[in-house]
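Shown below: input13.json, with JSON, C-alpha atoms.
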```
[["chain", "number", "residue", "atom", "x", "y", "z"],
["X", 1, "MET", "CA", 49.46, 32.56, 57.25],
["X", 2, "VAL", "CA", 52.12, 34.83, 58.73],
["X", 3, "LYS", "CA", 55.12, 33.34, 60.50],
["X", 4, "ASN", "CA", 56.24, 34.84, 63.77],
["X", 5, "THR", "CA", 59.69, 36.22, 63.01],
["X", 6, "MET", "CA", 60.42, 37.31, 66.59],
["X", 7, "LYS", "CA", 62.79, 34.93, 68.32],
["X", 8, "THR", "CA", 62.35, 34.16, 71.98],
["X", 9, "MET", "CA", 65.18, 35.67, 74.01],
["X", 10, "ILE", "CA", 66.75, 34.16, 77.11],
["X", 11, "LYS", "CA", 69.09, 35.61, 79.71],
["X", 12, "CYS", "CA", 72.22, 33.48, 80.10],
["X", 13, "ALA", "CA", 72.55, 32.16, 83.66],
["X", 14, "ASN", "CA", 76.32, 32.60, 83.54],
["X", 15, "CYS", "CA", 77.19, 35.81, 81.67],
["X", 16, "GLY", "CA", 73.78, 37.51, 81.90],
["X", 17, "ARG", "CA", 73.54, 38.60, 78.27],
["X", 18, "MET", "CA", 70.32, 38.31, 76.29],
["X", 19, "VAL", "CA", 70.55, 35.82, 73.43],
["X", 20, "PRO", "CA", 68.03, 34.26, 71.05],
["X", 21, "ALA", "CA", 66.85, 30.89, 72.33],
["X", 22, "ASN", "CA", 67.59, 27.81, 70.30],
["X", 23, "PRO", "CA", 64.19, 26.25, 69.50],
["X", 24, "ARG", "CA", 65.70, 22.74, 69.67],
["X", 25, "ILE", "CA", 66.71, 23.13, 73.34],
["X", 26, "LYS", "CA", 63.97, 22.94, 75.95],
["X", 27, "ASN", "CA", 64.49, 25.02, 79.09],
["X", 28, "GLN", "CA", 67.63, 26.68, 77.75],
["X", 29, "ASN", "CA", 69.45, 28.65, 80.45],
["X", 30, "TYR", "CA", 72.90, 29.23, 78.97],
["X", 31, "CYS", "CA", 74.19, 30.87, 75.80],
["X", 32, "ASN", "CA", 76.51, 29.15, 73.35],
["X", 33, "ARG", "CA", 79.74, 30.79, 74.53],
["X", 34, "LYS", "CA", 82.45, 28.32, 75.43],
["X", 35, "ALA", "CA", 82.85, 29.63, 79.00],
["X", 36, "CYS", "CA", 79.10, 29.43, 79.64],
["X", 37, "GLN", "CA", 78.89, 25.89, 78.28],
["X", 38, "ARG", "CA", 81.82, 24.89, 80.51],
["X", 39, "VAL", "CA", 79.96, 26.26, 83.56],
["X", 40, "ARG", "CA", 76.78, 24.42, 82.52],
["X", 41, "LYS", "CA", 78.63, 21.12, 82.12],
["X", 42, "ASN", "CA", 80.47, 21.53, 85.45],
["X", 43, "LYS", "CA", 77.20, 22.22, 87.28],
["X", 44, "TRP", "CA", 75.63, 19.16, 85.65],
["X", 45, "LYS", "CA", 78.57, 17.01, 86.70],
["X", 46, "GLN", "CA", 78.49, 18.31, 90.29],
["X", 47, "SER", "CA", 74.77, 17.61, 90.62],
["X", 48, "LYS", "CA", 75.21, 14.16, 89.03],
["X", 49, "ILE", "CA", 77.95, 13.28, 91.52],
["X", 50, "ALA", "CA", 75.84, 14.61, 94.42],
["X", 51, "PHE", "CA", 72.66, 12.69, 93.59],
["X", 52, "ASP", "CA", 73.68, 9.60, 91.57],
["X", 53, "PRO", "CA", 75.62, 7.05, 93.65],
["X", 54, "ASP", "CA", 76.48, 4.89, 90.63],
["X", 55, "TYR", "CA", 77.97, 7.82, 88.72],
["X", 56, "LYS", "CA", 79.89, 8.87, 91.82],
["X", 57, "LYS", "CA", 81.25, 5.34, 92.30],
["X", 58, "ASP", "CA", 82.23, 4.97, 88.63],
["X", 59, "THR", "CA", 84.09, 8.29, 88.52],
["X", 60, "GLY", "CA", 85.50, 7.99, 92.03],
["X", 61, "ILE", "CA", 88.92, 6.69, 90.98],
["X", 62, "ALA", "CA", 89.57, 9.61, 88.66],
["X", 63, "ILE", "CA", 88.13, 12.25, 91.00],
["X", 64, "ASN", "CA", 89.76, 11.19, 94.24],
["X", 65, "SER", "CA", 93.04, 9.67, 93.18],
["X", 66, "GLY", "CA", 94.36, 11.84, 90.37],
["X", 67, "LEU", "CA", 97.63, 10.35, 89.16],
["X", 68, "ASN", "CA", 97.26, 7.32, 91.45],
["X", 69, "GLY", "CA", 93.96, 6.55, 89.74],
["X", 70, "ILE", "CA", 95.63, 6.65, 86.34],
["X", 71, "GLN", "CA", 98.37, 4.32, 87.54],
["X", 72, "TYR", "CA", 95.71, 1.98, 88.96],
["X", 73, "ILE", "CA", 93.91, 1.90, 85.61],
["X", 74, "ILE", "CA", 97.20, 1.20, 83.81],
["X", 75, "GLU", "CA", 97.87, -1.70, 86.21],
["X", 76, "ILE", "CA", 94.43, -3.15, 85.48],
["X", 77, "ILE", "CA", 95.09, -2.95, 81.73],
["X", 78, "GLU", "CA", 98.53, -4.53, 82.11],
["X", 79, "ASN", "CA", 97.15, -7.37, 84.24],
["X", 80, "ARG", "CA", 94.37, -7.97, 81.74],
["X", 81, "THR", "CA", 96.91, -8.02, 78.90],
["X", 82, "ARG", "CA", 99.05, -10.56, 80.81],
["X", 83, "ILE", "CA", 96.01, -12.78, 81.31],
["X", 84, "ILE", "CA", 95.14, -12.61, 77.60],
["X", 85, "VAL", "CA", 98.74, -13.48, 76.64],
["X", 86, "ILE", "CA", 98.81, -16.43, 79.04],
["X", 87, "GLU", "CA", 95.46, -17.68, 77.75],
["X", 88, "THR", "CA", 96.70, -17.30, 74.17],
["X", 89, "VAL", "CA", 99.80, -19.36, 74.92],
["X", 90, "ASN", "CA", 97.70, -22.04, 76.60],
["X", 91, "TYR", "CA", 95.26, -22.16, 73.69],
["X", 92, "ARG", "CA", 98.09, -22.45, 71.18],
["X", 93, "LYS", "CA", 99.70, -25.24, 73.17],
["X", 94, "ASN", "CA", 96.40, -27.07, 72.95],
["X", 95, "GLY", "CA", 96.12, -26.33, 69.23],
["X", 96, "ILE", "CA", 92.97, -24.20, 69.43],
["X", 97, "LYS", "CA", 93.81, -20.96, 67.58],
["X", 98, "ASN", "CA", 90.42, -19.80, 66.40],
["X", 99, "THR", "CA", 88.97, -19.77, 69.91],
["X", 100, "VAL", "CA", 91.53, -17.17, 71.00],
["X", 101, "GLN", "CA", 90.66, -14.89, 68.12],
["X", 102, "ASN", "CA", 86.95, -15.24, 68.85],
["X", 103, "ASP", "CA", 87.47, -14.53, 72.57],
["X", 104, "LEU", "CA", 89.61, -11.48, 71.82],
["X", 105, "ALA", "CA", 87.08, -10.20, 69.31],
["X", 106, "LYS", "CA", 84.30, -10.50, 71.90],
["X", 107, "GLU", "CA", 86.33, -8.64, 74.53],
["X", 108, "THR", "CA", 87.16, -5.72, 72.24],
["X", 109, "ARG", "CA", 83.53, -5.08, 71.36]]
```
What do you get writing this file as structure tokens?
Amino acid sequence: MVKNTMKTMIKCANCGRMVPANPRIKNQNYCNRKACQRVRKNKWKQSKIAFDPDYKKDTGIAINSGLNGIQYIIEIIENRTRIIVIETVNYRKNGIKNTVQNDLAKETR
């Protein structure tokens, strides 16, 4: 039995150079250069935003708001932290310490 030593070649959709195809990647269109991979990922993200409403909604804060989105996320984290601290104080006043640790452990998972 003779193995086929010729590798299948593909033409990169970004830079246009001919490269050997990676047999683990089906329908490979881009080479492994960093710039070509960046283009591939950006095109994927654009198509995902265009056709997937859930993905668009989930990433909307970061895409549309920029720094305001980051500040909004920080406010959410701070509010959540305040709530946890208040609940911890209330639990400790009532003498239930283990419940707080269990609740915090569940939230961090």
- Query: Which polymer residues have any atom within 12 Å of an atom of region 32-49 of chain X, counting all atoms listed in the file, with same-chain residues fewer than 3 positions away left out, as a PyMOL selection string?
  - Reply: chain X and resi 10-22+25+28-29+52-60+63
- Could you tell me how far CA of Tyr91 (chain X) lies from CA of Asn79 (chain X), in Å and to one decimal?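 It comes out at 18.3 Å.
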- CA of Ala50 (chain X) sits from CA of Arg24 (chain X) at a separation of 28.0 Å
- Quote the spacing between CA of Lys26 (chain X) and CA of Lys7 (chain X) in Å to one decimal place. 14.3 Å
Set up a box along x, y and z of the file covering all listed atoms of region 46-50 of chain X, add 6 Å on every one of the six sides, and write the centre and edge lengths in Å to one decimal, as lines of an AutoDock Vina configuration file.
```
center_x = 76.6
center_y = 15.8
center_z = 91.7
size_x = 15.7
size_y = 17.0
size_z = 17.4
```
